[in-house]
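Enquirer: Below is the structure I would like to discuss, written out as structure tokens.
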Amino acid sequence: MLRMNKISKVFSTDLIETHALREFDLSVAEGEFVTVTGPSGSGKTTFLNIAGLLETFNSGEYFLDGEDVASLNDRQRSQLRNQKIGFIFQSFNLIPDLDLFDNVDVPLRYRGFSSAERKKRINYALERVGLAARAKHLPSQLSGGQQQRVAIARALAGEPRFLLADEPTGNLDSLMARQVMELLEEINSEGTTIVMVTHDPSLARRSQRNIQIIDGQVSDQQQLAQAV
Amino acid sequence: MAFGPIFRSTLRNPTGALLIAIQIALTLAIASNMFYMVNERVEKMSRDTGVVNEEVIAARVFYFGKAVDKAAQADIDRKTLLEIPGVKSVSYSNSMPLGGNNNTSSLCFEQEGDEDSCPHSPSYYRSDVNFHETLGLDLVEGRWLNDSDNVTTDAISIAETRTMMLSEVLAKLYFPEESALGKQLYLGGRELTIVGVYRQLLRPGARATEADHTILTAERRTSGYLAIRVDQDRIEQVKEKLEATMVGLNDQRVITEIETMDEMAADAYRRDKAMVVLLLSVVALLLLVTALGVAGLVSFTVANRKKQIGTRRALGASKRDILAYFISENFAITALALIVGSGMAYALNQYLLQTYELARLELVYVFVAAASLLFISQFATLLPALKASKVSPAIATRTV
Amino acid sequence: MFTYYCKLAWRHILQTPALSLLIIMAIALGIGASMTMISYYKAMAHNPAGDRSDKLHAVQLAAYGNDMETWGMSDGFPRQLTHQDVKNLREADLSFPSTPIYQFMTVIVSQREGVAPSNDYAGRFVDRDFFSMFDVKFLHGGPWSESVDEQPENQVVISKALSEWIFGEVNSVGKTFAMLDGIMQFTVAGVYEEFNPQPAYYDLTTGYFPREGAGVFAPYSLVEQLETFPMGNISGWQPEEVNGFKDILKSEYVWQVFWTQLDNEAAKAQYKEFLKGYVEQQRELGRFANQNPRGDIKDVETWLNYNEVISEDNRVMVGMSLLFLLVCLVNAVGLLLAKFMRKMNEAGVRRALGASKGQIFSQYLVEVGMLGFFGGLVGLLLASIGLWAVRELYGTDIARLDFSLFIGALLLSLLASLLTGILPALRVCNSNPSIFLKAQ
Ligand SMILES: Nc1ncnc2c1ncn2[C@@H]1O[C@H](COP(=O)(O)OP(=O)(O)OP(=O)(O)O)[C@@H](O)[C@H]1O
Ligand SMILES: [Mg+2]
């Protein structure tokens, strides 16, 4: 599903050059649920950004679903993001001026579905996260956990094959965090590949595979036992 | 593009959009009325004088000595001036189109006319018989005035004149069905027979309406204005020499306001020209200010929505989608503002109509102003929208 | 605290230079355009008669024939009078100061070396009362004596500039010079400093804002013997036989104005009564043959309005420039909002650190006021450019920026900017500080 070979990413600012990723190698197979952990500033978000085509890299190779992404232009990258990738952010990133229905609608619009199709998908996604009744509410009227569930619904509505999550539970309490995790596991069990960055070791332990990033490199790959 | 969500989102946070809309609506209301006023003036200034403008010089002649025989002096003047190279024709008249000394009188069907039988008040020229030739007027029907129209060769005034010529417009107004030739009308109670109709000759002064309602009568002893037709390339030389030549022939007079027809037009239309320049400057500034305002507000919106833009990009929006989003949002706001603004344009026009003597606004000016505003507004949006499209999608994963 | 706010405001202005400049320019353009038009309007609306305005009265007579019900101005009066009527009014047995006026052109011969030997000048025939009625300030000598109004003598009052042109820098009272045909000699009775009120209310028939005033004033009593044609507007309601100056004097053409000074209501009533009697008397003599023969008097203020010294164009332009100012201010509101929104976080932190709503509000208003002040200054600069353009366009010398306009412009821009600043400043200080702590 995802294969990175010797990916390097350098941020050059006025004063210093930050090597966020150095010769980063990683493969993720179809259907896997991978958690990513590591100290702050080690390059986790940078990896996720590159994986999700939000950012370009300086050197190395990256194949997404067998396709070399380096050669794609903005339009193709956007299309790829739109069709194959779902995103869940730590700070939810719901659009405050849009109600839940319109928020979930955003990626579907760019997909060009018919209005009937969009409506069906939005309702299904909102039902799935248990917020169908609140479709006309604004994000500011929801709790953090509810907002994150809307964000998940938004990611799911396009039925992506690949779901990327950057500390999706970072702003939630542990009960909420567990609920979100269960939802993600359910999605994974239906065949969606998931890569999730987390600081929570207990969540990391629940996944099939955990990788640790230290100083821009994968330090150690270990198979974790299925946690109960 | 998806107007639905854009519209709903704009409605939830309407301040910026509202400010743009107010500005555009006001601008449309003001600009369309200004365009209209400008056009009215330009049309007024560019109307046909009936004169071969580029070949005619005029001057005012004042006698201060007693008992000058003006007719005899005019003959001497004419003879001398015609000897100057380039001078083709010389004539005296009481006034000139666009000049001073406007004589008007009501023109009636009956001698003791009431208002119904005197529908118009034309200006009348009392000129010698060379006037039409000097100005280069065009004959439509009948004949030009000649010496036979000066009843006696001596002291002649309009009191003894029996004939006149009308402008084509005036002839049509009085005799819409038939030829005006040979018909009689009463000018200030005196019966005059129409012997000819000329195409056009503007009134003295700079009147806006009924400016082509004029009458020509022949009078040998007229004075006030001297008109000279000159070859175009000699016009400056003749102008320079004129005062000295005229005073040399008779020093009991003052020659002033020696001007070409173009200069007379510039004087007569000075206020109109000033108004056009001022209106156009204000329109230009208005459009500039509106453009800057729209650009400022859109870049403000872009700065405010950076995170949102990044998120949209992360969820699959291409750069062009972002560009299209802002352009269509602006399009919707501008279009609505223009609809409201057209109403305001008419309201403003209505007010101007009632308070001042302005004509009714024509739809085409609202269209022109609206089209230019739409263009300006969209153009002003383009730059900040391009900036928005360059927002990195990676911003979505950055906390804060 | 105020100086602290000023310091903060100045820092914010520097922090967002492009936006601040846009706001200043928006205010400046609006102020510049509206001040230009208002100044021009104000100059035109000026009444140079001052406290004599309600005393001096222009006299009008509806002296025309029967089929001419509405000849002349909107109220059916011509602006000028016939010579016959002026003669009668002048000789009427009334004790009010009064004067007829009409303009003539003349050649004047210089007695100096090094200037053109002769030149054309505009002059006016008036009576002695003219000088006191219209407040002409004499440098040397004074008006001709009262007897000259009855027994014509070749005396004149000339301007200082003309006196210098003829005689050089000397007191020319008592000296003589050649005028009109260049031979006839005239004695200088008085020299005045300068006389060119704007608008030239004493005789509006020859232009409202002449660049130069009359150079020569000659006794009206000379008119009939000098036979000097008028240089100005002559109108008639019927064609008449006019072959010489004598014919004009006898004609029903109107070409002179007549002023009389009526100091109180009783005097006005008396004069109106007199006009009524005069009209009746003339009617019996066969003149004034219209359906409603009548006379009227108008004081200076009324006279200026009646003559439409302020044209419709000027009013329209003032209105348009104020609408333009409105657009500029709406514009400024948007830009200010943009400017302040960027400072929302800072305002939130200040609130969290204990600043009250009022303090935040005043801080931002001070900033707006500062922008308005700069806008006003730039606007004044633009207005002076605009007024220069207006003077060029209309070919006048009036309408210059003066101190009252200077203060007016600054106050207007300050007021306008504070008014526009209220909404954005309220937005900043009313937003809940906790918003900034929440995720966007
Ligand atoms: N846009 C950027 N410009 C400059 N430096 C950046 C940028 N984005 C990230 N970095 C730097 O790259 C390094 C890796 O950052 P990254 O966000 O990937 O860390 P992280 O592992 O996600 O940390 P955290 O757990 O705190 O979120 C850091 O040193 C960071 O300062
Ligand atoms: Mg991170």
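If you're wondering about the labels, chains in the structure tokens are A, B, ... by order shown, residues count from 1 in each chain, ligands from 1 in order shown.
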Using only C-alpha atoms, determine which residues of chain B fall within 12 Å of chain A; present them as a ChimeraX atom specification.
Expert: /B:1-14,304-322,324-325,389-400
Enquirer: Name the residues, by chain letter and number, that sit within 7 Å of ligand 1 using only C-alpha atoms and all ligand atoms, and give them as an MDAnalysis selection string.
Expert: chainID A and resid 11:13 18:20 38:47
Enquirer: Distance atom CA of Asp149 of chain B-atom CA of Asp75 of chain B, one decimal place?
Expert: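 Interatomic distance, atom CA of Asp149 of chain B to atom CA of Asp75 of chain B: 17.6 Å.
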Enquirer: In terms of the shortest atom-to-atom distance over only C-alpha atoms, which of C:Thr205, C:Asn196, C:Thr82, C:Thr106 is closest to Met184 of chain C?
Expert: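 Smallest separation from Met184 of chain C among the options: C:Thr106.
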Enquirer: Which is closer to chain C than all the others in A:Ser71, A:Gln147, A:Ser174, A:Ser219, using only C-alpha atoms?
Expert: A:Gln147
Enquirer: What are the DSSP helix (DSSP H, G or I) residues of segment 192-267 of chain C, as number ranges by chain?
Expert: C: 204-206, 220-226, 245-250, 265-267
Enquirer: With C-alpha atoms retained, write the just-selected residues as a compact mmCIF listing (two decimals), in the first residue's frame.
Expert:
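The resulting file, part37.txt, is reproduced below:
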```
# COMPACT_ATOMS: atom_id res chain seq x y z
CA LEU C 204 -23.81 89.85 -11.64
CA THR C 205 -24.69 90.42 -15.30
CA THR C 206 -21.04 90.37 -16.39
CA TYR C 220 -23.81 107.94 -14.33
CA SER C 221 -24.89 111.50 -15.11
CA LEU C 222 -22.48 111.38 -18.08
CA VAL C 223 -24.23 108.44 -19.76
CA GLU C 224 -26.54 110.39 -22.05
CA GLN C 225 -23.92 112.80 -23.34
CA LEU C 226 -21.05 110.27 -23.72
CA PHE C 245 -27.20 104.82 -28.62
CA LYS C 246 -30.17 107.17 -28.39
CA ASP C 247 -32.43 104.37 -29.59
CA ILE C 248 -31.20 102.07 -26.81
CA LEU C 249 -31.98 104.75 -24.24
CA LYS C 250 -35.56 104.97 -25.50
CA GLU C 265 -38.71 97.37 7.44
CA ALA C 266 -40.38 100.77 7.24
CA ALA C 267 -38.02 101.82 4.45
```
Enquirer: I'd like the neighbourhood of segment 88-96 of chain B as a list in words, where a residue qualifies if any of its atoms comes within 7 Å (using only C-alpha atoms), though same-chain residues fewer than 3 positions away should be ignored.
Expert: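 My list of contacting residues is Arg78, Leu82, Gly99, Gly100, Asn101, Asn102, Tyr125, Arg126, Ser127, Asp128, Asn130, Phe131, Glu133, Thr134, Pro204, Thr222, Ser223, Gly224, Tyr225, Leu226, Ala227, Ile228, Arg229 and Val230 of chain B.
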Enquirer: Could the residues in this selection be written to a file with N, CA, C and O atoms, as a CSV table (one decimal), in the first residue's frame?
Expert:
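Contents of result-v8.csv, as written:
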```
chain,number,residue,atom,x,y,z
B,78,ARG,N,-14.9,94.7,-44.7
B,78,ARG,CA,-15.0,93.5,-45.5
B,78,ARG,C,-14.0,93.6,-46.6
B,78,ARG,O,-13.2,92.6,-46.9
B,82,LEU,N,-10.8,91.0,-46.8
B,82,LEU,CA,-10.8,90.0,-47.8
B,82,LEU,C,-9.5,90.0,-48.6
B,82,LEU,O,-9.1,89.1,-49.3
B,99,GLY,N,-21.6,82.0,-28.6
B,99,GLY,CA,-21.1,83.3,-28.2
B,99,GLY,C,-22.0,84.0,-27.2
B,99,GLY,O,-23.0,83.4,-26.7
B,100,GLY,N,-21.8,85.3,-27.1
B,100,GLY,CA,-22.7,86.0,-26.2
B,100,GLY,C,-23.8,86.7,-26.9
B,100,GLY,O,-24.1,86.4,-28.1
B,101,ASN,N,-24.5,87.6,-26.2
B,101,ASN,CA,-25.6,88.4,-26.8
B,101,ASN,C,-26.7,87.6,-27.4
B,101,ASN,O,-27.0,87.6,-28.6
B,102,ASN,N,-27.4,86.8,-26.6
B,102,ASN,CA,-28.4,85.9,-27.1
B,102,ASN,C,-29.8,86.7,-27.1
B,102,ASN,O,-30.2,87.2,-26.1
B,125,TYR,N,-30.9,85.4,-35.1
B,125,TYR,CA,-29.7,86.1,-35.5
B,125,TYR,C,-30.1,87.2,-36.4
B,125,TYR,O,-30.9,87.0,-37.3
B,126,ARG,N,-29.5,88.4,-36.2
B,126,ARG,CA,-29.7,89.5,-37.1
B,126,ARG,C,-28.3,89.7,-37.8
B,126,ARG,O,-27.4,90.2,-37.1
B,127,SER,N,-28.2,89.2,-39.0
B,127,SER,CA,-26.9,89.2,-39.6
B,127,SER,C,-26.9,89.8,-41.0
B,127,SER,O,-28.0,89.9,-41.6
B,128,ASP,N,-25.7,90.1,-41.5
B,128,ASP,CA,-25.7,90.6,-42.9
B,128,ASP,C,-25.8,89.3,-43.8
B,128,ASP,O,-25.8,88.2,-43.3
B,130,ASN,N,-24.0,87.8,-45.8
B,130,ASN,CA,-22.9,86.9,-46.0
B,130,ASN,C,-22.8,85.8,-44.9
B,130,ASN,O,-21.9,84.9,-45.0
B,131,PHE,N,-23.6,86.0,-43.9
B,131,PHE,CA,-23.4,85.1,-42.7
B,131,PHE,C,-23.4,83.6,-43.0
B,131,PHE,O,-22.5,82.9,-42.5
B,133,GLU,N,-22.6,82.1,-45.6
B,133,GLU,CA,-21.4,81.7,-46.4
B,133,GLU,C,-20.2,81.7,-45.4
B,133,GLU,O,-19.4,80.8,-45.5
B,134,THR,N,-20.1,82.7,-44.6
B,134,THR,CA,-19.0,82.8,-43.7
B,134,THR,C,-18.9,81.6,-42.7
B,134,THR,O,-17.9,81.0,-42.4
B,204,PRO,N,-26.7,81.1,-29.5
B,204,PRO,CA,-25.6,81.6,-28.7
B,204,PRO,C,-25.7,81.0,-27.3
B,204,PRO,O,-26.7,80.4,-26.9
B,222,THR,N,-26.2,95.6,-38.8
B,222,THR,CA,-26.0,94.8,-37.6
B,222,THR,C,-24.6,95.0,-37.1
B,222,THR,O,-23.7,95.4,-37.9
B,223,SER,N,-24.4,94.8,-35.8
B,223,SER,CA,-23.0,94.8,-35.3
B,223,SER,C,-22.9,94.0,-34.0
B,223,SER,O,-24.0,93.5,-33.6
B,224,GLY,N,-21.8,93.9,-33.5
B,224,GLY,CA,-21.6,93.1,-32.3
B,224,GLY,C,-20.5,92.0,-32.5
B,224,GLY,O,-19.5,92.0,-31.8
B,225,TYR,N,-20.8,91.2,-33.5
B,225,TYR,CA,-19.8,90.1,-33.8
B,225,TYR,C,-19.3,90.2,-35.2
B,225,TYR,O,-20.1,90.5,-36.1
B,226,LEU,N,-18.0,90.0,-35.4
B,226,LEU,CA,-17.4,89.9,-36.7
B,226,LEU,C,-17.0,88.5,-36.9
B,226,LEU,O,-16.4,87.9,-36.0
B,227,ALA,N,-17.5,87.8,-38.0
B,227,ALA,CA,-17.1,86.5,-38.2
B,227,ALA,C,-16.3,86.4,-39.5
B,227,ALA,O,-16.6,87.1,-40.5
B,228,ILE,N,-15.2,85.6,-39.5
B,228,ILE,CA,-14.3,85.5,-40.7
B,228,ILE,C,-14.1,84.1,-41.0
B,228,ILE,O,-13.8,83.3,-40.1
B,229,ARG,N,-14.2,83.7,-42.3
B,229,ARG,CA,-13.9,82.4,-42.7
B,229,ARG,C,-12.5,82.4,-43.3
B,229,ARG,O,-12.2,83.2,-44.2
B,230,VAL,N,-11.6,81.6,-42.8
B,230,VAL,CA,-10.2,81.6,-43.2
B,230,VAL,C,-9.7,80.2,-43.6
B,230,VAL,O,-10.2,79.2,-43.0
```
Enquirer: I need the residue nearest chain C from this list: A:Ile214, A:Pro139, A:Ala116, A:Ala153. Use only C-alpha atoms for the distance.
Expert: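 Checking each of A:Ile214, A:Pro139, A:Ala116, A:Ala153 against chain C, counting only C-alpha atoms, the winner is A:Pro139.
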Enquirer: Write out as a list in words the residues lying within 10 Å of Ile376 of chain B, counting only C-alpha atoms and excluding same-chain residues fewer than 6 positions away.
Expert: Leu287, Leu288, Thr290, Ala291, Leu292, Val294, Ala295, Ala370 and Leu382 of chain B
Enquirer: Would you kindly return, as a list in words, each protein, DNA or RNA residue with an atom no farther than 7 Å from any atom of segment 117-122 of chain A, considering only C-alpha atoms and excluding same-chain residues fewer than 2 positions away?
Expert: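 In the requested form, the answer reads Phe101, Val104, Asp105, Leu108, Phe113, Ser114, Ser115, Tyr124, Ala125, Leu126 and Ala157 of chain A.
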Enquirer: Would you mind exporting the chosen residues as a JSON list (two decimals), in the first residue's frame, restricted to all heavy atoms?
Expert:
```json
[["chain", "number", "residue", "atom", "x", "y", "z"],
["A", 101, "PHE", "N", -23.36, 18.62, 8.42],
["A", 101, "PHE", "CA", -23.68, 18.06, 7.11],
["A", 101, "PHE", "C", -22.73, 18.64, 6.06],
["A", 101, "PHE", "O", -22.09, 17.90, 5.31],
["A", 101, "PHE", "CB", -25.13, 18.41, 6.76],
["A", 101, "PHE", "CG", -25.62, 17.78, 5.50],
["A", 101, "PHE", "CD1", -26.29, 16.56, 5.53],
["A", 101, "PHE", "CD2", -25.43, 18.40, 4.27],
["A", 101, "PHE", "CE1", -26.74, 15.97, 4.36],
["A", 101, "PHE", "CE2", -25.87, 17.82, 3.11],
["A", 101, "PHE", "CZ", -26.53, 16.60, 3.15],
["A", 104, "VAL", "N", -19.05, 17.42, 6.41],
["A", 104, "VAL", "CA", -18.79, 16.09, 5.86],
["A", 104, "VAL", "C", -18.85, 16.15, 4.33],
["A", 104, "VAL", "O", -18.17, 15.39, 3.63],
["A", 104, "VAL", "CB", -19.82, 15.07, 6.42],
["A", 104, "VAL", "CG1", -19.60, 13.70, 5.80],
["A", 104, "VAL", "CG2", -19.68, 15.00, 7.93],
["A", 105, "ASP", "N", -19.61, 17.09, 3.85],
["A", 105, "ASP", "CA", -19.80, 17.26, 2.41],
["A", 105, "ASP", "C", -18.52, 17.72, 1.70],
["A", 105, "ASP", "O", -18.33, 17.45, 0.52],
["A", 105, "ASP", "CB", -20.92, 18.29, 2.22],
["A", 105, "ASP", "CG", -21.40, 18.36, 0.78],
["A", 105, "ASP", "OD1", -21.25, 17.35, 0.07],
["A", 105, "ASP", "OD2", -21.92, 19.42, 0.38],
["A", 108, "LEU", "N", -16.51, 15.41, -0.47],
["A", 108, "LEU", "CA", -17.37, 14.80, -1.50],
["A", 108, "LEU", "C", -17.61, 15.78, -2.65],
["A", 108, "LEU", "O", -17.72, 15.38, -3.81],
["A", 108, "LEU", "CB", -18.71, 14.38, -0.89],
["A", 108, "LEU", "CG", -18.60, 13.43, 0.30],
["A", 108, "LEU", "CD1", -19.98, 13.03, 0.81],
["A", 108, "LEU", "CD2", -17.80, 12.18, -0.07],
["A", 113, "PHE", "N", -19.37, 13.95, -6.81],
["A", 113, "PHE", "CA", -20.54, 13.06, -6.76],
["A", 113, "PHE", "C", -21.82, 13.82, -7.06],
["A", 113, "PHE", "O", -21.89, 15.04, -6.86],
["A", 113, "PHE", "CB", -20.67, 12.45, -5.36],
["A", 113, "PHE", "CG", -19.66, 11.38, -5.07],
["A", 113, "PHE", "CD1", -19.00, 11.35, -3.85],
["A", 113, "PHE", "CD2", -19.39, 10.39, -6.01],
["A", 113, "PHE", "CE1", -18.07, 10.38, -3.57],
["A", 113, "PHE", "CE2", -18.46, 9.40, -5.73],
["A", 113, "PHE", "CZ", -17.80, 9.40, -4.50],
["A", 114, "SER", "N", -22.85, 13.07, -7.45],
["A", 114, "SER", "CA", -24.17, 13.70, -7.61],
["A", 114, "SER", "C", -24.70, 14.06, -6.23],
["A", 114, "SER", "O", -24.25, 13.54, -5.22],
["A", 114, "SER", "CB", -25.13, 12.73, -8.28],
["A", 114, "SER", "OG", -25.49, 11.73, -7.34],
["A", 115, "SER", "N", -25.70, 14.94, -6.22],
["A", 115, "SER", "CA", -26.16, 15.41, -4.91],
["A", 115, "SER", "C", -26.85, 14.30, -4.13],
["A", 115, "SER", "O", -26.74, 14.22, -2.92],
["A", 115, "SER", "CB", -27.05, 16.64, -5.09],
["A", 115, "SER", "OG", -28.39, 16.25, -5.16],
["A", 124, "TYR", "N", -25.03, 8.40, 5.95],
["A", 124, "TYR", "CA", -24.49, 7.13, 6.40],
["A", 124, "TYR", "C", -23.31, 7.34, 7.35],
["A", 124, "TYR", "O", -23.24, 6.77, 8.43],
["A", 124, "TYR", "CB", -24.07, 6.28, 5.18],
["A", 124, "TYR", "CG", -23.36, 5.02, 5.57],
["A", 124, "TYR", "CD1", -24.08, 3.95, 6.13],
["A", 124, "TYR", "CD2", -21.99, 4.89, 5.41],
["A", 124, "TYR", "CE1", -23.43, 2.79, 6.51],
["A", 124, "TYR", "CE2", -21.34, 3.73, 5.78],
["A", 124, "TYR", "CZ", -22.06, 2.68, 6.34],
["A", 124, "TYR", "OH", -21.40, 1.55, 6.72],
["A", 125, "ALA", "N", -22.41, 8.28, 6.93],
["A", 125, "ALA", "CA", -21.21, 8.52, 7.73],
["A", 125, "ALA", "C", -21.57, 9.11, 9.09],
["A", 125, "ALA", "O", -21.01, 8.72, 10.12],
["A", 125, "ALA", "CB", -20.25, 9.45, 6.99],
["A", 126, "LEU", "N", -22.52, 10.04, 9.09],
["A", 126, "LEU", "CA", -22.91, 10.64, 10.36],
["A", 126, "LEU", "C", -23.61, 9.64, 11.26],
["A", 126, "LEU", "O", -23.42, 9.62, 12.48],
["A", 126, "LEU", "CB", -23.82, 11.87, 10.12],
["A", 126, "LEU", "CG", -23.09, 13.14, 9.68],
["A", 126, "LEU", "CD1", -24.07, 14.24, 9.33],
["A", 126, "LEU", "CD2", -22.12, 13.62, 10.76],
["A", 157, "ALA", "N", -16.51, 9.32, 4.76],
["A", 157, "ALA", "CA", -17.57, 9.50, 3.77],
["A", 157, "ALA", "C", -17.09, 9.18, 2.36],
["A", 157, "ALA", "O", -17.85, 8.67, 1.54],
["A", 157, "ALA", "CB", -18.12, 10.92, 3.84]]
```
Enquirer: Please list as number ranges by chain every residue within 6 Å of segment 4-8 of chain C, counting only C-alpha atoms and excluding residues in the same chain fewer than 3 positions away.
Expert: C: 1, 11, 363
Enquirer: For N, CA and C atoms, I'd like the residues from the last selection saved as a PDB file, in the first residue's frame.
Expert:
```
ATOM      1  N   MET C   1      -1.962  57.011  30.549  1.00  0.00           N
ATOM      2  CA  MET C   1      -2.567  55.907  29.804  1.00  0.00           C
ATOM      3  C   MET C   1      -2.683  56.274  28.338  1.00  0.00           C
ATOM      4  N   ARG C  11       2.922  51.586  17.213  1.00  0.00           N
ATOM      5  CA  ARG C  11       3.598  50.323  16.945  1.00  0.00           C
ATOM      6  C   ARG C  11       2.759  49.453  16.012  1.00  0.00           C
ATOM      7  N   GLN C 363      -8.043  51.707  23.545  1.00  0.00           N
ATOM      8  CA  GLN C 363      -6.754  51.521  22.890  1.00  0.00           C
ATOM      9  C   GLN C 363      -6.918  51.495  21.372  1.00  0.00           C
TER      10      GLN C 363
END
```
Enquirer: For a quick check of understanding, using only C-alpha atoms and all ligand atoms, which of A:Pro201, A:Gly191, A:Gly145, A:Pro168 has the smallest distance to ligand 2?
Expert: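 Checking each candidate against ligand 2, we get A:Pro168 as the closest.
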Enquirer: If we count only C-alpha atoms and set the cut-off at 8 Å, which residues sit around segment 343-358 of chain B, ignoring sequence neighbours fewer than 5 positions away in its own chain? Please answer as a PyMOL selection string.
Expert: (chain B and resi 25-26+28-30+32-33+366) or (chain C and resi 312)
Enquirer: Could you tell me how far atom CA of Tyr41 of chain C sits from atom CA of Val136 of chain C, in Å to one decimal place?
Expert: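 Taking atom CA of Val136 of chain C as the start and atom CA of Tyr41 of chain C as the end point, the length is 25.7 Å.
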Enquirer: Rounded to one decimal in Å, what is the spacing between atom CA of Leu285 of chain C and atom CA of Val257 of chain C?
Expert: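 These atoms are spaced 22.6 Å apart.
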